[in-house]
Each structure stands twice: as C-alpha cells, then as structure tokens.
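Asks: JSON, C-alpha atoms, saved as coords31.json, coming up:
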```
[["chain", "number", "residue", "atom", "x", "y", "z"],
["C", 1, "LYS", "CA", 97.66, 102.82, 96.50],
["C", 2, "GLN", "CA", 97.72, 99.34, 98.02],
["C", 3, "GLU", "CA", 95.24, 98.59, 100.74],
["C", 4, "VAL", "CA", 95.34, 95.88, 103.35],
["C", 5, "THR", "CA", 92.24, 95.20, 105.43],
["C", 6, "GLN", "CA", 91.85, 92.95, 108.43],
["C", 7, "ILE", "CA", 88.60, 91.57, 109.67],
["C", 8, "PRO", "CA", 87.48, 91.49, 112.38],
["C", 9, "ALA", "CA", 88.99, 94.53, 114.06],
["C", 10, "ALA", "CA", 88.52, 92.89, 117.44],
["C", 11, "LEU", "CA", 87.80, 89.37, 118.58],
["C", 12, "SER", "CA", 87.12, 87.85, 121.96],
["C", 13, "VAL", "CA", 87.08, 84.08, 122.38],
["C", 14, "PRO", "CA", 87.15, 81.61, 125.27],
["C", 15, "GLU", "CA", 90.34, 79.74, 125.91],
["C", 16, "GLY", "CA", 90.76, 76.59, 123.85],
["C", 17, "GLU", "CA", 88.87, 77.75, 120.80],
["C", 18, "ASN", "CA", 90.31, 77.57, 117.32],
["C", 19, "LEU", "CA", 90.09, 80.87, 115.48],
["C", 20, "VAL", "CA", 90.76, 82.47, 112.13],
["C", 21, "LEU", "CA", 91.98, 85.98, 111.42],
["C", 22, "ASN", "CA", 91.49, 87.42, 107.96],
["C", 23, "CYS", "CA", 93.62, 89.70, 105.84],
["C", 24, "SER", "CA", 92.63, 91.08, 102.43],
["C", 25, "PHE", "CA", 94.93, 92.92, 100.06],
["C", 26, "THR", "CA", 94.52, 94.64, 96.72],
["C", 27, "ASP", "CA", 98.02, 94.14, 95.32],
["C", 28, "SER", "CA", 97.89, 91.49, 92.61],
["C", 29, "ALA", "CA", 101.68, 91.43, 92.35],
["C", 30, "ILE", "CA", 102.34, 90.44, 95.92],
["C", 31, "TYR", "CA", 105.88, 89.36, 96.72],
["C", 32, "ASN", "CA", 105.30, 87.95, 100.17],
["C", 33, "LEU", "CA", 103.03, 88.38, 103.17],
["C", 34, "GLN", "CA", 103.95, 88.42, 106.83],
["C", 35, "TRP", "CA", 101.93, 88.03, 109.99],
["C", 36, "PHE", "CA", 103.05, 89.83, 113.11],
["C", 37, "ARG", "CA", 102.02, 89.96, 116.71],
["C", 38, "GLN", "CA", 102.14, 93.18, 118.72],
["C", 39, "ASP", "CA", 101.63, 93.31, 122.46],
["C", 40, "PRO", "CA", 100.42, 96.61, 123.98],
["C", 41, "GLY", "CA", 103.15, 99.23, 123.92],
["C", 42, "LYS", "CA", 105.59, 96.80, 122.37],
["C", 43, "GLY", "CA", 107.18, 96.25, 119.00],
["C", 44, "LEU", "CA", 106.47, 93.66, 116.36],
["C", 45, "THR", "CA", 107.10, 89.95, 116.64],
["C", 46, "SER", "CA", 107.23, 88.15, 113.32],
["C", 47, "LEU", "CA", 105.07, 85.02, 113.32],
["C", 48, "LEU", "CA", 105.01, 83.68, 109.79],
["C", 49, "LEU", "CA", 106.24, 84.72, 106.35],
["C", 50, "ILE", "CA", 104.62, 83.34, 103.21],
["C", 51, "GLN", "CA", 106.31, 83.81, 99.86],
["C", 52, "SER", "CA", 104.12, 84.40, 96.83],
["C", 53, "SER", "CA", 105.02, 80.94, 95.54],
["C", 54, "GLN", "CA", 103.76, 79.29, 98.73],
["C", 55, "ARG", "CA", 100.22, 78.54, 99.83],
["C", 56, "GLU", "CA", 100.75, 78.16, 103.54],
["C", 57, "GLN", "CA", 103.22, 78.18, 106.39],
["C", 58, "THR", "CA", 102.97, 76.54, 109.79],
["C", 59, "SER", "CA", 104.64, 77.23, 113.12],
["C", 60, "GLY", "CA", 103.39, 75.38, 116.17],
["C", 61, "ARG", "CA", 99.73, 76.22, 116.71],
["C", 62, "LEU", "CA", 99.79, 78.83, 113.94],
["C", 63, "ASN", "CA", 98.99, 78.25, 110.30],
["C", 64, "ALA", "CA", 98.91, 80.99, 107.69],
["C", 65, "SER", "CA", 97.55, 80.59, 104.19],
["C", 66, "LEU", "CA", 97.87, 82.75, 101.11],
["C", 67, "ASP", "CA", 95.50, 82.93, 98.14],
["C", 68, "LYS", "CA", 96.85, 85.43, 95.65],
["C", 69, "SER", "CA", 93.97, 85.06, 93.22],
["C", 70, "SER", "CA", 91.43, 86.21, 95.78],
["C", 71, "GLY", "CA", 93.78, 88.60, 97.56],
["C", 72, "ARG", "CA", 93.38, 86.91, 100.92],
["C", 73, "SER", "CA", 95.45, 85.49, 103.70],
["C", 74, "THR", "CA", 94.26, 83.81, 106.88],
["C", 75, "LEU", "CA", 95.96, 83.14, 110.17],
["C", 76, "TYR", "CA", 94.63, 80.11, 111.96],
["C", 77, "ILE", "CA", 95.32, 79.77, 115.68],
["C", 78, "ALA", "CA", 94.60, 76.38, 117.19],
["C", 79, "ALA", "CA", 93.65, 75.80, 120.81],
["C", 80, "SER", "CA", 93.90, 79.45, 121.76],
["C", 81, "GLN", "CA", 95.50, 80.45, 125.06],
["C", 82, "PRO", "CA", 95.30, 83.65, 127.14],
["C", 83, "GLY", "CA", 98.91, 84.32, 126.18],
["C", 84, "ASP", "CA", 97.79, 84.65, 122.58],
["C", 85, "SER", "CA", 95.99, 87.88, 123.47],
["C", 86, "ALA", "CA", 97.56, 90.63, 121.38],
["C", 87, "THR", "CA", 97.04, 92.60, 118.20],
["C", 88, "TYR", "CA", 97.79, 90.67, 115.03],
["C", 89, "LEU", "CA", 98.97, 92.54, 111.95],
["C", 90, "CYS", "CA", 99.39, 91.30, 108.44],
["C", 91, "ALA", "CA", 101.81, 93.06, 106.12],
["C", 92, "GLU", "CA", 101.86, 92.72, 102.36],
["C", 93, "ASN", "CA", 105.12, 93.17, 100.49],
["C", 94, "GLY", "CA", 104.39, 94.30, 96.97],
["C", 95, "GLY", "CA", 107.97, 94.11, 95.78],
["C", 96, "TYR", "CA", 110.85, 96.56, 96.07],
["C", 97, "GLN", "CA", 110.18, 96.10, 99.78],
["C", 98, "LYS", "CA", 107.10, 98.32, 99.70],
["C", 99, "VAL", "CA", 105.33, 96.89, 102.73],
["C", 100, "THR", "CA", 101.76, 97.86, 103.54],
["C", 101, "PHE", "CA", 100.40, 96.96, 106.95],
["C", 102, "GLY", "CA", 96.86, 95.98, 107.71],
["C", 103, "THR", "CA", 94.68, 97.64, 110.26],
["C", 104, "GLY", "CA", 95.13, 94.86, 112.78],
["C", 105, "THR", "CA", 92.91, 92.47, 114.72],
["C", 106, "LYS", "CA", 92.89, 92.80, 118.48],
["C", 107, "LEU", "CA", 92.49, 89.36, 119.99],
["C", 108, "GLN", "CA", 91.46, 88.63, 123.53],
["C", 109, "VAL", "CA", 91.44, 85.06, 124.78],
["C", 110, "ILE", "CA", 89.40, 84.71, 127.93],
["C", 111, "PRO", "CA", 90.56, 82.14, 130.52],
["V", 1, "GLY", "CA", 117.43, 84.74, 112.58],
["V", 2, "ALA", "CA", 118.34, 88.29, 111.67],
["V", 3, "VAL", "CA", 118.14, 90.77, 114.51],
["V", 4, "VAL", "CA", 117.45, 94.49, 114.40],
["V", 5, "SER", "CA", 117.89, 96.64, 117.47],
["V", 6, "GLN", "CA", 116.68, 100.13, 118.28],
["V", 7, "HIS", "CA", 117.94, 102.59, 120.82],
["V", 8, "PRO", "CA", 116.49, 104.00, 122.93],
["V", 9, "SER", "CA", 113.42, 101.87, 123.57],
["V", 10, "TRP", "CA", 111.61, 104.88, 125.00],
["V", 11, "VAL", "CA", 112.34, 108.56, 125.39],
["V", 12, "ILE", "CA", 110.59, 111.51, 126.95],
["V", 13, "CYS", "CA", 111.62, 114.98, 125.89],
["V", 14, "LYS", "CA", 110.52, 118.58, 126.15],
["V", 15, "SER", "CA", 108.84, 120.35, 123.28],
["V", 16, "GLY", "CA", 111.37, 122.01, 120.99],
["V", 17, "THR", "CA", 114.21, 119.60, 121.59],
["V", 18, "SER", "CA", 115.61, 117.08, 119.11],
["V", 19, "VAL", "CA", 115.68, 113.34, 119.60],
["V", 20, "LYS", "CA", 117.81, 110.78, 117.79],
["V", 21, "ILE", "CA", 116.75, 107.16, 117.38],
["V", 22, "GLU", "CA", 119.21, 104.51, 116.23],
["V", 23, "CYS", "CA", 118.42, 101.39, 114.23],
["V", 24, "ARG", "CA", 121.05, 98.68, 113.88],
["V", 25, "SER", "CA", 121.13, 95.40, 112.00],
["V", 26, "LEU", "CA", 123.15, 93.15, 114.27],
["V", 27, "ASP", "CA", 124.06, 90.17, 112.16],
["V", 28, "PHE", "CA", 123.57, 91.23, 108.57],
["V", 29, "GLN", "CA", 124.27, 94.16, 106.32],
["V", 30, "ALA", "CA", 121.33, 96.24, 105.27],
["V", 31, "THR", "CA", 121.66, 98.51, 102.27],
["V", 32, "THR", "CA", 118.08, 99.60, 102.85],
["V", 33, "MET", "CA", 116.33, 100.42, 106.10],
["V", 34, "PHE", "CA", 112.82, 101.70, 106.64],
["V", 35, "TRP", "CA", 111.23, 103.93, 109.25],
["V", 36, "TYR", "CA", 107.61, 103.52, 110.30],
["V", 37, "ARG", "CA", 105.39, 105.44, 112.66],
["V", 38, "GLN", "CA", 102.46, 104.11, 114.62],
["V", 39, "PHE", "CA", 99.94, 106.36, 116.32],
["V", 40, "PRO", "CA", 97.75, 104.94, 119.12],
["V", 41, "LYS", "CA", 95.26, 102.34, 117.92],
["V", 42, "GLN", "CA", 96.45, 102.70, 114.34],
["V", 43, "SER", "CA", 98.57, 100.56, 112.11],
["V", 44, "LEU", "CA", 102.11, 101.23, 111.00],
["V", 45, "MET", "CA", 102.69, 103.80, 108.30],
["V", 46, "LEU", "CA", 105.88, 104.02, 106.30],
["V", 47, "MET", "CA", 107.65, 107.34, 106.80],
["V", 48, "ALA", "CA", 110.77, 106.96, 104.73],
["V", 49, "THR", "CA", 113.16, 104.59, 103.05],
["V", 50, "SER", "CA", 116.80, 104.92, 104.00],
["V", 51, "ASN", "CA", 119.48, 103.84, 101.57],
["V", 52, "GLU", "CA", 123.09, 103.48, 102.64],
["V", 53, "GLY", "CA", 125.21, 106.28, 101.28],
["V", 54, "SER", "CA", 122.40, 108.25, 99.70],
["V", 55, "LYS", "CA", 119.51, 110.49, 100.65],
["V", 56, "ALA", "CA", 116.40, 109.00, 102.16],
["V", 57, "THR", "CA", 113.15, 108.83, 100.26],
["V", 58, "TYR", "CA", 110.21, 110.24, 102.18],
["V", 59, "GLU", "CA", 106.57, 109.28, 101.85],
["V", 60, "GLN", "CA", 104.04, 111.90, 100.96],
["V", 61, "GLY", "CA", 103.16, 114.10, 103.89],
["V", 62, "VAL", "CA", 106.32, 113.39, 105.87],
["V", 63, "GLU", "CA", 108.50, 116.47, 106.42],
["V", 64, "LYS", "CA", 112.07, 115.64, 105.51],
["V", 65, "ASP", "CA", 113.44, 118.65, 107.38],
["V", 66, "LYS", "CA", 111.71, 117.54, 110.54],
["V", 67, "PHE", "CA", 112.58, 113.87, 110.37],
["V", 68, "LEU", "CA", 116.25, 113.68, 109.45],
["V", 69, "ILE", "CA", 117.46, 110.28, 108.37],
["V", 70, "ASN", "CA", 121.08, 109.23, 108.07],
["V", 71, "HIS", "CA", 122.24, 105.83, 106.85],
["V", 72, "ALA", "CA", 125.99, 106.15, 107.12],
["V", 73, "SER", "CA", 126.86, 102.47, 107.27],
["V", 74, "LEU", "CA", 125.46, 99.12, 106.25],
["V", 75, "THR", "CA", 124.37, 98.38, 109.79],
["V", 76, "LEU", "CA", 123.16, 101.70, 111.15],
["V", 77, "SER", "CA", 120.43, 104.17, 110.29],
["V", 78, "THR", "CA", 119.37, 107.07, 112.50],
["V", 79, "LEU", "CA", 116.16, 109.07, 112.67],
["V", 80, "THR", "CA", 116.34, 112.49, 114.26],
["V", 81, "VAL", "CA", 113.10, 114.20, 115.19],
["V", 82, "THR", "CA", 113.99, 117.88, 115.17],
["V", 83, "SER", "CA", 112.18, 120.48, 117.23],
["V", 84, "ALA", "CA", 109.83, 117.85, 118.54],
["V", 85, "HIS", "CA", 106.26, 118.76, 119.44],
["V", 86, "PRO", "CA", 103.58, 116.81, 121.32],
["V", 87, "GLU", "CA", 101.98, 115.73, 118.04],
["V", 88, "ASP", "CA", 105.21, 113.90, 117.21],
["V", 89, "SER", "CA", 104.59, 111.59, 120.16],
["V", 90, "SER", "CA", 104.33, 108.16, 118.62],
["V", 91, "PHE", "CA", 105.82, 104.71, 118.35],
["V", 92, "TYR", "CA", 108.66, 104.65, 115.82],
["V", 93, "ILE", "CA", 109.76, 101.32, 114.35],
["V", 94, "CYS", "CA", 112.58, 100.65, 111.95],
["V", 95, "SER", "CA", 113.19, 97.68, 109.73],
["V", 96, "ALA", "CA", 116.18, 96.48, 107.78],
["V", 97, "ARG", "CA", 116.13, 94.69, 104.48],
["V", 98, "ASP", "CA", 118.07, 91.47, 104.25],
["V", 99, "ARG", "CA", 118.56, 90.73, 100.60],
["V", 100, "GLY", "CA", 118.90, 87.04, 101.17],
["V", 101, "TRP", "CA", 116.82, 84.52, 99.33],
["V", 102, "THR", "CA", 113.66, 85.61, 101.08],
["V", 103, "ASP", "CA", 114.35, 89.35, 100.67],
["V", 104, "THR", "CA", 112.71, 90.03, 104.01],
["V", 105, "GLN", "CA", 112.35, 93.06, 106.22],
["V", 106, "TYR", "CA", 113.31, 92.46, 109.84],
["V", 107, "PHE", "CA", 111.76, 94.81, 112.34],
["V", 108, "GLY", "CA", 113.24, 96.46, 115.37],
["V", 109, "PRO", "CA", 111.47, 96.49, 118.75],
["V", 110, "GLY", "CA", 110.40, 100.12, 118.38],
["V", 111, "THR", "CA", 110.97, 103.38, 120.22],
["V", 112, "ARG", "CA", 108.21, 105.14, 122.08],
["V", 113, "LEU", "CA", 108.61, 108.90, 121.92],
["V", 114, "THR", "CA", 106.68, 111.15, 124.27],
["V", 115, "VAL", "CA", 107.02, 114.88, 123.80],
["V", 116, "LEU", "CA", 105.85, 116.97, 126.72]]
```
Once you've parsed the file, please lay out its structure as structure tokens.
Replies:
Amino acid sequence: KQEVTQIPAALSVPEGENLVLNCSFTDSAIYNLQWFRQDPGKGLTSLLLIQSSQREQTSGRLNASLDKSSGRSTLYIAASQPGDSATYLCAENGGYQKVTFGTGTKLQVIP
Amino acid sequence: GAVVSQHPSWVICKSGTSVKIECRSLDFQATTMFWYRQFPKQSLMLMATSNEGSKATYEQGVEKDKFLINHASLTLSTLTVTSAHPEDSSFYICSARDRGWTDTQYFGPGTRLTVL
C-alpha cells in the first residue's frame, strides 16, 4: 500500500516569510505528483503538477520540486500572504491513475 | 484547462433517504472517473473507480450496495448514497481522467453531504 506523508501537519508563519512544505511518498514508480490547495469546507484547487520526468514546476510565487530517488516533493511558497492560508495536499499518482493523497499541511499566514 | 463540475454542492437529507451526486466533465471525455470521500480533518480516500459502460471498482471497505455508481456516458458519473445515515455525512469529491499527454485527473469542487 502506497503511503504519502506531509510534514508539518500545521504551520503558522508571519506574512512575508518564505516557506517550504514537505511531501514524502513510498511509491518508487511514481507517474506524477500534484499539489492542491483546499480552503475550509471547499473542494480542491490544483496548484502544480510535476511529471516523473520533471524535477520542478513553477507558477507565480509557488515552486514545486520532485526527487524520485528520495521519494520527496517540496512546495516552496515565496513571500507568503494571508490569502495563502489553507490546507495544502500533495497527491502521488502511481500509474493507472491510482492517486494517493497526503495527510495535508494546514498553513496559517499571520498578517 | 479541463473542468469538472459536481451537483449539488451541498445537500442535507434525513436518515434513510437516498441522495444522488452528479459528476460531469465539461470540456473533455472521461472514460474513467473516480469518487473520493473526505471526513473532517482527514485526507481524501478513494472510494471507487468508475469506468464508462462497465461496473465500478470499489476499494476495500466500501459497500458497493450502499454507494451506487453509474457511469452511463463519457461525461457523466453519478454516486447514489442509498439509505443514508449520519455516519455517511462527509465531503464527496469526484475526479475525471483526461487521457491527454499528461494523463491527469481533474477534480470537481466537491459535495458536502449532511445526514440528519
């Protein structure tokens, strides 16, 4: 059974800080990895998708990296803003569309 | 980008009734759709895989007779929670597989079910 772990489970930072969210997975045959944002009581918003052949993807203030050999992905958020407060989920696609979600990191950015 | 919609976005029902949730891929055809469930403060767990024109595949521990899935067309899958009970209250999210070059799942906005 594939496992996806996110550390930390919760994070509180002052506005303007750069921060890193971590995602670890056990599947060595990863197909791709996605990072999502989920606001309270809401659905998922896709942030970044990294294919197994890629090492990183960037979108605005977000940068996600993928290291298959170590089974890790990181989501880097630059110059954090209160509007970034949400739960961030990583999801590992092990092929045949078998997606396993991580446990999530709840981020709070304090004004 | 590909869009997946769900209807309704929230529903409240009495215990013992059945509730149907629709999942539609709006601008692409999806031979495979997935249904996930999320309990409070937990992550998403796959319930079942829905294949167009065939029976759904359920994950271990998910009752197929309670959660009826129908994938009658390439753009629509439905999940019916039969004889709902309070413990079925959850956030249900569907996704649709776009077999383009990225072979990506696109997620719907979710449906919050509350069973009284």
Asks: List as a PyMOL selection string the protein and nucleic acid residues near V:Gln60, meaning an atom at most 12 Å away when all atoms listed in the file are counted, but skip any in the same chain fewer than 3 places from it.
Replies: (chain C and resi 1) or (chain V and resi 45-49+57+63-64)
Asks: What gap, in Å, lies between atom CA of C:Ser85 and atom CA of C:Leu107?
Replies: 5.2 Å
Asks: List the spatial neighbours of V:Lys55 as a list of chain:residue names - criterion: any atom at most 12 Å away, only C-alpha atoms, same-chain residues fewer than 3 positions off excluded.
Replies: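 The contact residues come out as V:Thr32, V:Met33, V:Ala48, V:Thr49, V:Ser50, V:Asn51, V:Glu52, V:Tyr58, V:Lys64, V:Leu68, V:Ile69, V:Asn70, V:His71, V:Ala72, V:Ser77.
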Asks: Neighbouring residues of V:Ser9 were defined as those with any atom within 7 Å, considering all atoms listed in the file; residues of the same chain fewer than 6 positions away were excluded. Please report them as a ChimeraX atom specification.
Replies: /V:110-112
Asks: If we count only C-alpha atoms and set the cut-off at 7 Å, which residues sit around V:Pro109, ignoring sequence neighbours fewer than 6 positions away in its own chain? Please answer as a list in words.
Replies: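 After dropping sequence-adjacent residues, the list is Lys42, Gly43 and Leu44 of chain C; Ser5, Gln6 and Ile93 of chain V.
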Asks: Identify the residues around (105.6, 118.7, 128.8) within a radius of 10 Å, measuring from all atoms listed in the file in the coordinates stated by the file, and give them as a PyMOL selection string.
Replies: chain V and resi 12-15+85-86+114-116
